[in-house]
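Asks: Sending over coords-v6.cif (mmCIF, C-alpha atoms).
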data_protein
#
loop_
_atom_site.label_atom_id
_atom_site.label_comp_id
_atom_site.auth_asym_id
_atom_site.auth_seq_id
_atom_site.Cartn_x
_atom_site.Cartn_y
_atom_site.Cartn_z
CA MET I 182 39.62 -49.92 -108.54
CA LEU I 183 37.38 -47.85 -106.24
CA LYS I 184 35.67 -44.83 -107.79
CA LEU I 185 33.82 -43.65 -104.68
CA ASN I 186 34.83 -40.48 -102.93
CA SER I 187 36.49 -41.46 -99.65
CA LEU I 188 33.85 -39.82 -97.44
CA LEU I 189 31.10 -41.64 -99.32
CA LEU I 190 33.15 -44.80 -99.00
CA LEU I 191 33.36 -44.36 -95.23
CA VAL I 192 29.64 -43.71 -94.90
CA THR I 193 28.84 -46.74 -97.01
CA LEU I 194 31.09 -49.04 -95.04
CA LEU I 195 29.83 -47.82 -91.69
CA ALA I 196 26.26 -48.30 -92.80
CA LEU I 197 27.10 -51.96 -93.22
CA ALA I 198 29.07 -52.12 -89.99
CA ALA I 199 28.58 -53.88 -86.70
CA THR I 200 29.74 -52.40 -83.37
CA ALA I 201 32.26 -54.33 -81.31
CA SER I 202 32.49 -53.96 -77.54
CA ALA I 203 36.23 -53.38 -77.17
CA GLN I 204 38.14 -50.22 -77.97
CA GLN I 205 40.71 -50.04 -80.77
CA MET I 206 40.33 -53.51 -82.21
CA GLU I 207 42.28 -52.86 -85.41
CA THR I 208 46.00 -53.64 -85.44
CA ASN I 209 48.81 -52.78 -87.79
CA ASP I 210 50.07 -55.35 -90.25
CA PRO I 211 52.64 -55.32 -93.09
CA THR I 212 50.14 -54.16 -95.72
CA GLY I 213 48.43 -51.53 -93.58
CA SER I 214 50.09 -49.74 -90.66
CA LEU I 215 50.16 -46.30 -89.05
CA THR I 216 52.62 -44.93 -86.50
CA ILE I 217 53.24 -41.45 -85.12
CA ASP I 218 56.86 -40.56 -84.39
CA GLY I 219 57.55 -44.28 -84.43
CA VAL I 220 54.91 -45.12 -81.81
CA THR I 221 52.78 -48.17 -82.66
CA PRO I 222 49.22 -48.20 -81.26
CA VAL I 223 48.33 -51.00 -78.84
CA PRO I 224 44.80 -52.52 -79.15
CA GLY I 225 42.64 -51.56 -76.20
CA ALA I 226 45.20 -49.04 -74.90
CA PRO I 227 45.47 -46.04 -77.20
CA SER I 228 48.96 -44.62 -77.13
CA VAL I 229 49.40 -40.93 -76.46
CA VAL I 230 51.96 -38.75 -78.24
CA ASN I 231 52.89 -35.60 -76.35
CA ILE I 232 54.35 -32.75 -78.35
CA GLN I 233 56.83 -31.53 -75.77
CA ASP I 234 59.80 -29.78 -77.29
CA ASP I 235 59.25 -30.06 -81.03
CA ASN I 236 56.64 -28.29 -83.12
CA THR I 237 56.36 -31.16 -85.59
CA PHE I 238 55.45 -34.81 -85.51
CA THR I 239 55.38 -37.35 -88.30
CA ILE I 240 52.69 -39.82 -89.28
CA ASN I 241 54.00 -42.83 -91.18
CA ILE I 242 51.65 -44.98 -93.21
CA ALA I 243 52.99 -48.22 -94.67
CA GLY I 244 51.70 -50.96 -96.93
CA ASP I 245 52.34 -52.35 -100.36
CA PRO I 246 54.52 -50.27 -102.72
CA ASN I 247 52.67 -47.51 -104.57
CA ALA I 248 49.44 -48.25 -102.73
CA GLY I 249 46.69 -45.64 -102.49
CA VAL I 250 46.09 -44.21 -99.02
CA ILE I 251 43.24 -42.46 -97.22
CA LEU I 252 43.99 -40.75 -93.91
CA PHE I 253 41.08 -39.92 -91.60
CA LEU I 254 41.32 -37.40 -88.74
CA ALA I 255 38.79 -37.24 -85.89
CA LEU I 256 38.67 -34.12 -83.72
CA GLY I 257 38.73 -36.01 -80.45
CA PRO I 258 39.98 -39.21 -78.83
CA VAL I 259 39.81 -42.71 -80.26
CA GLY I 260 36.27 -44.07 -80.20
CA PRO I 261 34.88 -45.87 -77.14
CA THR I 262 34.00 -48.85 -79.34
CA SER I 263 35.26 -50.30 -82.59
CA THR I 264 33.22 -50.89 -85.70
CA LEU I 265 33.58 -54.07 -87.71
CA VAL I 266 33.54 -52.86 -91.29
CA GLY I 267 30.86 -54.66 -93.30
CA GLY I 268 29.43 -56.35 -90.21
CA MET I 269 30.44 -59.72 -91.56
CA ALA I 270 30.97 -62.69 -89.26
CA GLY I 271 34.65 -63.38 -89.05
CA GLY I 272 35.52 -59.97 -90.46
CA THR I 273 38.96 -58.63 -89.71
CA GLU I 274 38.78 -54.88 -90.54
CA PHE I 275 37.75 -52.42 -87.83
CA PHE I 276 37.12 -48.66 -87.90
CA ASP I 277 38.35 -47.36 -84.52
CA LEU I 278 37.57 -43.64 -84.76
CA ASP I 279 34.51 -42.21 -83.04
CA ALA I 280 31.91 -41.84 -85.78
CA SER I 281 30.02 -39.30 -83.64
CA LEU I 282 32.90 -36.82 -83.94
CA ALA I 283 33.74 -34.54 -86.83
CA ILE I 284 35.85 -36.67 -89.15
CA ARG I 285 37.97 -35.17 -91.90
CA VAL I 286 39.86 -36.67 -94.80
CA LEU I 287 43.43 -35.34 -94.90
CA ILE I 288 44.60 -37.26 -97.94
CA ASP I 289 42.72 -39.37 -100.45
CA GLY I 290 44.53 -41.64 -102.86
CA ILE I 291 41.75 -44.20 -103.20
CA GLY I 292 38.47 -42.39 -103.60
CA GLY I 293 39.61 -40.35 -106.57
CA ALA I 294 39.43 -36.94 -104.92
CA GLY I 295 43.19 -36.53 -104.66
CA ALA I 296 45.00 -34.76 -107.47
CA LEU I 297 48.58 -35.28 -106.31
CA PRO I 298 49.37 -39.01 -106.31
CA PHE I 299 52.76 -38.50 -104.65
CA PHE I 300 51.02 -37.31 -101.50
CA ASN I 301 48.27 -39.91 -101.70
CA GLN I 302 50.11 -43.19 -102.00
CA THR I 303 53.04 -45.05 -100.52
CA ASP I 304 56.38 -44.88 -102.28
CA GLN I 305 58.21 -47.71 -103.99
CA ASN I 306 59.26 -48.99 -100.55
CA GLY I 307 55.67 -48.99 -99.31
CA SER I 308 56.07 -45.99 -97.00
CA LEU I 309 54.46 -42.54 -96.75
CA ASP I 310 55.72 -39.91 -94.25
CA LEU I 311 53.49 -36.95 -93.42
CA PRO I 312 55.16 -34.29 -91.21
CA LEU I 313 52.57 -32.20 -89.37
CA ASN I 314 52.93 -28.99 -87.39
CA ALA I 315 51.66 -28.30 -83.91
CA ASN I 316 51.22 -24.88 -82.34
CA ALA I 317 50.34 -23.34 -79.01
CA GLY I 318 46.64 -23.12 -79.94
CA LEU I 319 46.39 -26.92 -79.99
CA VAL I 320 47.52 -27.47 -76.39
CA GLY I 321 44.95 -29.49 -74.47
CA LEU I 322 43.27 -30.92 -77.57
CA SER I 323 43.13 -34.55 -78.68
CA PHE I 324 43.13 -35.92 -82.20
CA SER I 325 42.80 -39.45 -83.47
CA TRP I 326 43.96 -40.84 -86.76
CA GLN I 327 43.35 -43.93 -88.85
CA ALA I 328 44.42 -44.77 -92.37
CA VAL I 329 43.12 -47.08 -95.07
CA VAL I 330 45.61 -48.60 -97.50
CA ALA I 331 44.71 -50.20 -100.80
CA ASP I 332 45.30 -53.94 -100.51
CA ALA I 333 43.95 -56.36 -103.11
CA ALA I 334 44.20 -59.26 -100.65
CA SER I 335 41.91 -57.62 -98.04
CA PRO I 336 38.07 -57.35 -97.94
CA PHE I 337 36.85 -54.54 -100.20
CA GLY I 338 40.41 -54.26 -101.46
CA LEU I 339 41.25 -52.19 -98.36
CA ASN I 340 43.36 -52.65 -95.26
CA PHE I 341 42.50 -50.53 -92.21
CA THR I 342 45.49 -49.52 -90.07
CA ALA I 343 45.48 -49.23 -86.31
CA ALA I 344 44.16 -45.93 -84.96
CA GLU I 345 46.27 -43.67 -82.81
CA GLN I 346 45.44 -40.83 -80.47
CA THR I 347 47.55 -37.68 -80.26
CA ASP I 348 47.24 -35.45 -77.21
CA ILE I 349 48.88 -32.04 -77.48
CA ALA I 350 49.94 -31.73 -73.85
CA SER I 351 52.31 -28.82 -74.34
CA PHE I 352 54.08 -26.85 -77.00
CA VAL I 353 57.51 -25.33 -76.59
CA PRO I 354 58.53 -23.31 -79.65
CA PRO I 355 62.19 -22.91 -80.50
CA VAL I 356 63.92 -20.30 -78.37
CA SER I 357 65.68 -17.54 -80.27
CA VAL I 358 68.14 -15.04 -78.81
CA SER I 359 69.56 -12.18 -80.85
CA PHE I 360 72.02 -9.43 -80.05
CA THR I 361 74.07 -6.79 -81.83
CA GLY I 362 77.11 -4.62 -81.25
CA ASP I 363 80.85 -4.54 -81.72
CA ASP I 364 82.92 -6.81 -79.48
CA ALA I 365 79.89 -8.17 -77.61
CA ILE I 366 79.31 -11.58 -76.01
CA GLN I 367 76.11 -13.32 -74.95
CA ALA I 368 75.65 -16.39 -72.72
CA VAL I 369 72.83 -18.60 -74.03
CA PRO I 370 71.33 -21.48 -71.99
CA LEU I 371 70.73 -24.72 -73.88
CA THR I 372 67.43 -26.60 -73.82
CA ALA I 373 69.24 -29.69 -72.49
CA PRO I 374 72.76 -30.55 -71.36
CA VAL I 375 75.07 -31.55 -74.21
CA THR I 376 78.32 -33.48 -74.22
CA PHE I 377 80.99 -31.76 -76.28
CA CYS I 378 84.60 -32.97 -76.29
CA GLY I 379 83.77 -35.34 -73.47
CA SER I 380 82.44 -32.69 -71.05
CA ILE I 381 78.86 -31.74 -70.23
CA PHE I 382 77.66 -28.18 -70.83
CA THR I 383 74.35 -26.44 -70.18
CA GLU I 384 75.10 -23.18 -71.99
CA VAL I 385 77.33 -21.59 -74.59
CA THR I 386 78.85 -18.14 -74.94
CA VAL I 387 78.62 -16.52 -78.36
CA SER I 388 80.72 -13.59 -79.57
CA THR I 389 79.99 -11.06 -82.28
CA ASN I 390 83.55 -11.87 -83.38
CA GLY I 391 82.54 -15.20 -84.86
CA TRP I 392 83.18 -17.81 -82.17
CA ILE I 393 81.21 -20.06 -79.82
CA ARG I 394 82.65 -21.17 -76.49
CA PHE I 395 81.03 -23.97 -74.49
CA GLY I 396 80.27 -22.92 -70.93
CA SER I 397 80.10 -19.43 -69.45
CA THR I 398 83.69 -18.68 -68.47
CA ALA I 399 84.49 -16.26 -71.31
CA THR I 400 85.17 -12.71 -70.16
CA SER I 401 85.87 -10.95 -73.46
CA SER I 402 84.58 -10.89 -77.02
CA ASP I 403 88.23 -11.47 -78.03
CA PHE I 404 89.08 -10.50 -81.61
CA SER I 405 92.65 -11.80 -81.38
CA GLU I 406 92.09 -14.93 -83.51
CA SER I 407 94.99 -16.36 -81.53
CA THR I 408 96.14 -19.83 -82.53
CA ALA I 409 97.59 -20.41 -79.04
CA ASP I 410 94.38 -19.38 -77.26
CA PHE I 411 92.32 -21.57 -79.57
CA ILE I 412 94.46 -24.65 -78.91
CA ASN I 413 94.68 -23.97 -75.15
CA GLY I 414 90.93 -23.45 -74.66
CA ASN I 415 91.28 -19.77 -73.85
CA VAL I 416 89.03 -18.28 -76.55
CA GLY I 417 87.31 -15.31 -74.93
CA LEU I 418 90.08 -14.93 -72.36
CA GLY I 419 88.23 -17.26 -70.02
CA ALA I 420 88.64 -16.71 -66.31
CA GLY I 421 87.87 -20.34 -65.50
CA PRO I 422 89.18 -23.66 -66.78
CA ALA I 423 89.93 -24.24 -70.44
CA SER I 424 86.83 -24.78 -72.58
CA PRO I 425 86.19 -26.16 -76.07
CA ALA I 426 85.24 -23.75 -78.81
CA ILE I 427 84.02 -23.55 -82.39
CA ALA I 428 85.55 -20.83 -84.55
CA VAL I 429 83.04 -20.12 -87.31
CA LEU I 430 84.98 -17.05 -88.48
CA TRP I 431 86.99 -15.82 -85.52
CA GLU I 432 88.05 -12.36 -86.60
CA ASP I 433 87.45 -8.73 -85.63
CA LEU I 434 83.87 -8.49 -86.87
CA ASP I 435 81.36 -5.71 -86.30
CA MET I 436 77.69 -6.52 -85.76
CA GLY I 437 76.60 -3.03 -84.74
CA ASN I 438 76.88 -0.89 -87.86
CA THR I 439 73.44 -1.40 -89.44
CA LEU I 440 70.51 -2.06 -87.12
CA THR I 441 67.55 -1.46 -89.45
CA GLY I 442 66.56 -2.17 -93.02
CA PRO I 443 67.23 -5.18 -95.28
CA LEU I 444 70.90 -5.35 -94.24
CA ALA I 445 70.21 -5.16 -90.51
CA GLN I 446 72.87 -6.97 -88.51
CA SER I 447 72.42 -9.40 -85.65
CA VAL I 448 73.83 -12.52 -84.09
CA VAL I 449 70.94 -14.98 -83.83
CA VAL I 450 71.02 -18.11 -81.67
CA THR I 451 68.11 -20.53 -82.21
CA ASP I 452 67.64 -23.92 -80.58
CA ASP I 453 66.64 -26.74 -82.89
CA GLY I 454 63.25 -27.29 -81.24
CA THR I 455 63.88 -30.92 -80.30
CA GLY I 456 64.87 -30.39 -76.68
CA SER I 457 68.24 -32.05 -77.34
CA GLY I 458 70.35 -28.94 -76.73
CA GLY I 459 71.08 -28.51 -80.44
CA PHE I 460 71.31 -24.99 -81.83
CA THR I 461 72.18 -22.76 -84.77
CA VAL I 462 74.15 -19.50 -84.54
CA GLU I 463 74.02 -17.04 -87.44
CA TRP I 464 76.09 -13.89 -87.89
CA VAL I 465 73.63 -12.06 -90.15
CA ASN I 466 74.93 -9.33 -92.49
CA ALA I 467 78.24 -9.14 -90.67
CA ASP I 468 81.01 -6.64 -91.37
CA TYR I 469 84.73 -7.04 -91.09
CA PHE I 470 85.67 -4.20 -88.77
CA PRO I 471 85.03 -1.43 -89.42
CA THR I 472 82.64 -1.58 -92.39
CA THR I 473 83.66 -4.24 -94.96
CA PHE I 474 80.51 -6.26 -95.66
CA LEU I 475 81.04 -10.03 -95.60
CA GLY I 476 77.46 -11.40 -95.61
CA THR I 477 76.17 -14.19 -93.35
CA VAL I 478 77.93 -17.20 -91.85
CA SER I 479 76.48 -19.81 -89.50
CA CYS I 480 77.12 -22.86 -87.34
CA THR I 481 74.67 -25.65 -86.55
CA TYR I 482 75.38 -28.14 -83.76
CA ASP I 483 73.47 -31.44 -83.56
CA PRO I 484 74.43 -33.17 -80.30
CA THR I 485 72.51 -36.35 -81.14
CA GLY I 486 74.92 -37.09 -83.97
CA GLY I 487 77.87 -35.02 -82.82
CA ILE I 488 77.68 -33.01 -86.04
CA VAL I 489 79.01 -29.46 -86.42
CA THR I 490 78.11 -27.78 -89.72
CA LEU I 491 79.76 -24.50 -90.72
CA ASP I 492 77.89 -22.79 -93.54
CA TYR I 493 79.43 -20.10 -95.75
CA THR I 494 76.84 -20.07 -98.53
CA GLY I 495 75.88 -16.54 -97.46
CA TYR I 496 79.44 -15.22 -97.46
CA VAL I 497 79.78 -12.54 -100.16
CA ALA I 498 82.86 -10.49 -99.27
CA VAL I 499 84.66 -9.33 -102.41
CA THR I 500 88.02 -8.48 -100.83
CA PRO I 501 88.32 -10.40 -97.57
CA PRO I 502 91.30 -9.82 -95.29
CA THR I 503 93.92 -12.51 -94.82
CA GLU I 504 93.04 -12.98 -91.14
CA GLY I 505 90.47 -15.25 -89.54
CA LEU I 506 90.43 -18.63 -87.80
CA VAL I 507 88.02 -21.52 -88.53
CA GLY I 508 87.78 -24.88 -86.79
CA ILE I 509 87.08 -26.89 -83.62
CA SER I 510 89.13 -27.09 -80.44
CA CYS I 511 88.53 -29.19 -77.35
CA GLY I 512 90.70 -26.75 -75.42
CA ASP I 513 93.22 -29.40 -74.43
CA ALA I 514 96.73 -28.04 -74.80
CA MET I 515 98.11 -31.60 -74.74
CA ALA I 516 95.88 -32.82 -77.60
CA PRO I 517 97.29 -33.30 -81.10
CA VAL I 518 96.92 -30.32 -83.40
CA ALA I 519 95.97 -30.51 -87.07
CA GLN I 520 96.16 -27.22 -88.91
CA VAL I 521 94.94 -28.06 -92.40
CA ASP I 522 94.07 -26.23 -95.57
CA LEU I 523 90.31 -26.53 -95.11
CA VAL I 524 89.58 -25.98 -98.80
CA SER I 525 91.99 -26.96 -101.54
CA GLY I 526 91.28 -26.58 -105.25
CA GLY I 527 87.63 -25.77 -104.58
CA PHE I 528 86.99 -28.91 -102.51
CA VAL I 529 86.77 -29.42 -98.76
CA THR I 530 89.84 -31.26 -97.50
CA VAL I 531 88.75 -34.59 -96.02
CA ASP I 532 90.53 -35.11 -92.74
CA ALA I 533 89.81 -38.36 -90.92
CA ALA I 534 89.59 -38.61 -87.16
CA THR I 535 92.15 -40.61 -85.22
CA PRO I 536 90.36 -43.25 -83.10
CA GLY I 537 90.62 -42.56 -79.39
CA VAL I 538 92.41 -39.21 -79.72
CA ALA I 539 90.85 -35.76 -79.34
CA ARG I 540 92.36 -33.15 -81.67
CA THR I 541 92.26 -29.48 -82.46
CA ILE I 542 91.51 -29.16 -86.18
CA PHE I 543 91.54 -25.73 -87.78
CA GLN I 544 93.01 -23.24 -90.23
CA ASN I 545 94.22 -19.79 -89.28
CA PHE I 546 94.13 -17.68 -92.41
CA ASP I 547 96.86 -15.35 -91.17
CA GLY I 548 99.32 -18.18 -91.79
CA SER I 549 100.36 -18.81 -88.18
CA GLY I 550 101.28 -22.42 -87.56
CA THR I 551 102.08 -24.71 -90.46
CA THR I 552 99.60 -23.59 -93.14
CA ALA I 553 100.76 -20.93 -95.57
CA ALA I 554 99.05 -17.56 -95.41
CA GLU I 555 96.09 -17.13 -97.74
CA ALA I 556 92.99 -15.00 -97.86
CA PHE I 557 89.84 -16.52 -96.40
CA ASP I 558 88.73 -18.80 -99.25
CA LEU I 559 85.73 -20.69 -97.89
CA ALA I 560 82.76 -20.31 -100.26
CA THR I 561 84.72 -18.11 -102.64
CA ILE I 562 86.04 -20.73 -105.06
CA SER I 563 83.41 -23.43 -105.57
CA PRO I 564 79.94 -24.36 -104.25
CA LEU I 565 81.57 -27.57 -103.02
CA ALA I 566 83.61 -25.49 -100.58
CA GLN I 567 80.72 -23.62 -98.98
CA ILE I 568 79.86 -26.05 -96.17
CA LEU I 569 82.25 -27.74 -93.74
CA THR I 570 80.87 -30.73 -91.84
CA PHE I 571 82.65 -32.08 -88.76
CA ALA I 572 81.44 -35.46 -87.44
CA GLU I 573 82.57 -36.43 -83.95
CA THR I 574 83.98 -39.82 -83.10
CA PRO I 575 81.46 -40.80 -80.36
CA GLY I 576 82.68 -39.90 -76.89
CA VAL I 577 86.17 -38.96 -78.04
CA GLY I 578 86.22 -35.32 -79.12
CA ASP I 579 87.96 -35.85 -82.43
CA TYR I 580 86.25 -34.92 -85.66
CA THR I 581 86.29 -36.09 -89.24
CA LEU I 582 86.10 -33.16 -91.64
CA PHE I 583 84.29 -33.66 -94.91
#
Could I get this structure in the form of C-alpha cells?

Replies:
Amino acid sequence: MLKLNSLLLLVTLLALAATASAQQMETNDPTGSLTIDGVTPVPGAPSVVNIQDDNTFTINIAGDPNAGVILFLALGPVGPTSTLVGGMAGGTEFFDLDASLAIRVLIDGIGGAGALPFFNQTDQNGSLDLPLNANAGLVGLSFSWQAVVADAASPFGLNFTAAEQTDIASFVPPVSVSFTGDDAIQAVPLTAPVTFCGSIFTEVTVSTNGWIRFGSTATSSDFSESTADFINGNVGLGAGPASPAIAVLWEDLDMGNTLTGPLAQSVVVTDDGTGSGGFTVEWVNADYFPTTFLGTVSCTYDPTGGIVTLDYTGYVAVTPPTEGLVGISCGDAMAPVAQVDLVSGGFVTVDAATPGVARTIFQNFDGSGTTAAEAFDLATISPLAQILTFAETPGVGDYTLF
C-alpha cells in the first residue's frame, strides 16, 4: 500500500509528530511486537540485554502473517522522550528512538526498498527472527531498536512495536583448545559446570585416541578400547574414582603424523559460546595408527538438552580395522549394559532408554561382548548412518539412541 521509502516515511511521520514527556511510550501488541532474546521491553524502563557468553542475539518481530516489516536501529540508547506519530489527539502510535541520533534502516519490507521479501516480512505464523552477531569491538556501546509492522487496522496502516535498548557489556568468544600427537591427553575446563550421568563436572579430559572422559582423573591416553574399562568407568586408566566417558572412536589413533598443509591433524575442543558448558570435540584428519587415514570424527555435547551427537560424516577410511569402541558409559559397573549394533542395514538402531535406570550403551567393533565382530561401519553404508544422537533421560543418565 505504501510506496514511500522507509526513511522518507519516517521523516514524514516525525514532521507531523508531537513529543510526549515520558520515555518509551510504545508497547508491544499482537499485531506489532519486538523482543530481543525473548526480552519484552517495559514502558518507561528500557530493558537491557547484555551479551555475556554468546556472540549472537536474536531480534524477533511479530505481527500479522506475511506482514511487511521495517526495522530501525539507533546508534545510542532509547530516546529521552517519545514521539506521538502524527501528533493526533488520542493517537496510539509512538516512535521511541532518539531522533537526534544516527538512525539506520536494517530491513525494509514496507517502503519498497527491500528486494528480498523473505527477509522483510513476517512468515505465515506472523514471526520474523533476525540473528545478529556481536564482537569485541562493540563492548561498551548501546543500540536501540524499533520496528514498524504493516497493519491495516492501525493508523497509517502501520503498527509501531515497543523499542528496546541493547547494551554490549561484554563479549566472550568461544574458547578453542587444540593439540596434536600420538597417545596424548588434554584436560579442558568447561565454561560452566555440567551434570553428566547425575554428577557435576567442571572439566573434561580428551584423548587423541578418540575418547572424552568427564573430570580430570585420567592418567593415560589409553588405546586399549577395553570393554571392561569402558563399563567400569576406567577409560584413561583413571587414578581416581570411576568417571563417565564418551567413546567417539576409541581406538589407537595417531594425531601427530601431519602437522601442516591441508591434511594437518589436530584434536580441537571448542565451547559452544553460550556459557552452558557445552562443547564440540573434533579429531581432524585422524589416522589409524600408524598412518591409515580415516578423516574427521566429532562429538557435540549440549548439556541444556542432555544431547550427545556423534558425527561421522567426515569419516572416509577405505579399509578400516575391525577394532574401535563407540558409545556412552556412566562408569557404573553395576549399571545395566546394552551392547547394540549401532547401525544395521544402513540405519541407526533406535534404542529406547529405560526410565529410572542408567545404562552403558555401546558397540565394540572387535566383537567383545555380545555383538558379533564387524568392521567399523558408521558412515560407510548410508547417509542415514552418519550421525548418532543420544538423548538423556533427564537426571537419570540413560540415553535413547536414534

Asks: I'd like the residues picked by the PyMOL selection byres ((chain I and resi 565-567) around 12) written out as a JSON list (two decimals) with C-alpha atoms, in the coordinates of the input, using the chain letters and numbers from the file.

Replies:
[["chain", "number", "residue", "atom", "x", "y", "z"],
["I", 477, "THR", "CA", 76.17, -14.19, -93.35],
["I", 478, "VAL", "CA", 77.93, -17.20, -91.85],
["I", 479, "SER", "CA", 76.48, -19.81, -89.50],
["I", 490, "THR", "CA", 78.11, -27.78, -89.72],
["I", 491, "LEU", "CA", 79.76, -24.50, -90.72],
["I", 492, "ASP", "CA", 77.89, -22.79, -93.54],
["I", 493, "TYR", "CA", 79.43, -20.10, -95.75],
["I", 494, "THR", "CA", 76.84, -20.07, -98.53],
["I", 495, "GLY", "CA", 75.88, -16.54, -97.46],
["I", 496, "TYR", "CA", 79.44, -15.22, -97.46],
["I", 497, "VAL", "CA", 79.78, -12.54, -100.16],
["I", 522, "ASP", "CA", 94.07, -26.23, -95.57],
["I", 523, "LEU", "CA", 90.31, -26.53, -95.11],
["I", 524, "VAL", "CA", 89.58, -25.98, -98.80],
["I", 525, "SER", "CA", 91.99, -26.96, -101.54],
["I", 526, "GLY", "CA", 91.28, -26.58, -105.25],
["I", 527, "GLY", "CA", 87.63, -25.77, -104.58],
["I", 528, "PHE", "CA", 86.99, -28.91, -102.51],
["I", 529, "VAL", "CA", 86.77, -29.42, -98.76],
["I", 530, "THR", "CA", 89.84, -31.26, -97.50],
["I", 531, "VAL", "CA", 88.75, -34.59, -96.02],
["I", 557, "PHE", "CA", 89.84, -16.52, -96.40],
["I", 558, "ASP", "CA", 88.73, -18.80, -99.25],
["I", 559, "LEU", "CA", 85.73, -20.69, -97.89],
["I", 560, "ALA", "CA", 82.76, -20.31, -100.26],
["I", 561, "THR", "CA", 84.72, -18.11, -102.64],
["I", 562, "ILE", "CA", 86.04, -20.73, -105.06],
["I", 563, "SER", "CA", 83.41, -23.43, -105.57],
["I", 564, "PRO", "CA", 79.94, -24.36, -104.25],
["I", 568, "ILE", "CA", 79.86, -26.05, -96.17],
["I", 569, "LEU", "CA", 82.25, -27.74, -93.74],
["I", 570, "THR", "CA", 80.87, -30.73, -91.84],
["I", 583, "PHE", "CA", 84.29, -33.66, -94.91]]

Asks: Box along x, y and z, 4 Å on every side, all listed atoms of range 458-470 of chain I inside: centre and edge lengths in Å to one decimal, as JSON.

Replies:
{"center_x": 78.0, "center_y": -16.6, "center_z": -84.6, "size_x": 23.3, "size_y": 32.7, "size_z": 23.8}

Asks: What is the CA of Gly292 in chain I-CA of Val250 in chain I distance in Å, reported with one decimal?

Replies: 9.1 Å

Asks: I:Val538, I:Leu256, I:Ala344, I:Val375: which is nearest Ile217 in chain I, counting all atoms listed in the file?

Replies: I:Ala344

Asks: Could you check which residues have any atom within 10 Å of (71.8, -6.5, -91.9), counting all atoms listed in the file with coordinates taken straight from the file, and then list them as a list in words?

Replies: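 The requested residues, written out, are Met436, Gly437, Asn438, Thr439, Leu440, Thr441, Gly442, Pro443, Leu444, Ala445, Gln446, Ser447, Trp464, Val465, Asn466, Ala467, Asp468, Phe474, Gly476 and Thr477 of chain I.
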
Asks: Please, what distance in Å, to one decimal, runs between CA of Gly458 in chain I and CA of Phe360 in chain I?

Replies: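 These atoms are spaced 19.9 Å apart.
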
Asks: Enter the distance from CA of Cys378 in chain I to CA of Gly456 in chain I, in Å, rounded to one decimal.

Replies: 19.9 Å

Asks: Pick out the closest residue to Val518 in chain I from this set: I:Ile488, I:Ile381, I:Ala243, I:Ile412. Count all atoms listed in the file.

Replies: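 Of I:Ile488, I:Ile381, I:Ala243, I:Ile412, the one nearest Val518 in chain I, counting all atoms listed in the file, is I:Ile412.
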
Asks: Determine the residue membership of the PyMOL selection byres ((chain I and resi 401-403) around 6) for the file above and supply it as JSON, numbers by chain.

Replies: {"I": [364, 365, 366, 388, 399, 400, 404, 405, 417, 418]}

Asks: Can you write just those residues out, C-alpha atoms, as a short mmCIF file (atom, residue, chain, number, x, y, z; two decimals), keeping the file's coordinate frame?

Replies:
data_model
loop_
_atom_site.label_atom_id
_atom_site.label_comp_id
_atom_site.auth_asym_id
_atom_site.auth_seq_id
_atom_site.Cartn_x
_atom_site.Cartn_y
_atom_site.Cartn_z
CA ASP I 364 82.92 -6.81 -79.48
CA ALA I 365 79.89 -8.17 -77.61
CA ILE I 366 79.31 -11.58 -76.01
CA SER I 388 80.72 -13.59 -79.57
CA ALA I 399 84.49 -16.26 -71.31
CA THR I 400 85.17 -12.71 -70.16
CA PHE I 404 89.08 -10.50 -81.61
CA SER I 405 92.65 -11.80 -81.38
CA GLY I 417 87.31 -15.31 -74.93
CA LEU I 418 90.08 -14.93 -72.36
#

Asks: I want to know what sits within 6 Å of range 421-430 of chain I, based on all atoms listed in the file, with residues of the same chain fewer than 2 positions away left out; could you give that as a list in words?

Replies: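 My reading of the contact set: Gly391, Trp392, Ile393, Arg394, Phe395, Thr398, Gly414, Asn415, Gly419, Glu432, Gly505, Leu506, Val507, Gly508, Ile509, Ser510, Cys511 and Gly512 of chain I.
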
Asks: How would the residues just chosen look if you wrote them out with C-alpha atoms as a PDB file, keeping the file's coordinate frame?

Replies:
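selection16.pdb, written as the output of this step:
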ATOM      1  CA  GLY I 391      82.540 -15.200 -84.860  1.00  0.00           C
ATOM      2  CA  TRP I 392      83.180 -17.810 -82.170  1.00  0.00           C
ATOM      3  CA  ILE I 393      81.210 -20.060 -79.820  1.00  0.00           C
ATOM      4  CA  ARG I 394      82.650 -21.170 -76.490  1.00  0.00           C
ATOM      5  CA  PHE I 395      81.030 -23.970 -74.490  1.00  0.00           C
ATOM      6  CA  THR I 398      83.690 -18.680 -68.470  1.00  0.00           C
ATOM      7  CA  GLY I 414      90.930 -23.450 -74.660  1.00  0.00           C
ATOM      8  CA  ASN I 415      91.280 -19.770 -73.850  1.00  0.00           C
ATOM      9  CA  GLY I 419      88.230 -17.260 -70.020  1.00  0.00           C
ATOM     10  CA  GLU I 432      88.050 -12.360 -86.600  1.00  0.00           C
ATOM     11  CA  GLY I 505      90.470 -15.250 -89.540  1.00  0.00           C
ATOM     12  CA  LEU I 506      90.430 -18.630 -87.800  1.00  0.00           C
ATOM     13  CA  VAL I 507      88.020 -21.520 -88.530  1.00  0.00           C
ATOM     14  CA  GLY I 508      87.780 -24.880 -86.790  1.00  0.00           C
ATOM     15  CA  ILE I 509      87.080 -26.890 -83.620  1.00  0.00           C
ATOM     16  CA  SER I 510      89.130 -27.090 -80.440  1.00  0.00           C
ATOM     17  CA  CYS I 511      88.530 -29.190 -77.350  1.00  0.00           C
ATOM     18  CA  GLY I 512      90.700 -26.750 -75.420  1.00  0.00           C
TER      19      GLY I 512
END

Asks: Can you tell me which residues surround Asp310 in chain I at a distance of at most 9 Å, considering all atoms listed in the file, apart from same-chain residues fewer than 5 positions away, and format the answer as a PyMOL selection string?

Replies: chain I and resi 239-243+303

Asks: Using the chain letters and numbers from the file, give me the residues hit by the PyMOL selection byres ((chain I and resi 339) around 12), as an NGL selection string.

Replies: :I and (182-183 or 187 or 190-191 or 194 or 212-214 or 244-245 or 248-251 or 266-267 or 273-276 or 290-292 or 328-338 or 340-342)

Asks: Residues within 7 Å of range 283-288 of chain I, please, as a list in words. Count only C-alpha atoms; anything in the same chain fewer than 6 positions from it doesn't count.

Replies: Ile251, Leu252, Phe253, Leu254, Ala255, Leu256, Gly295 and Asn301 of chain I
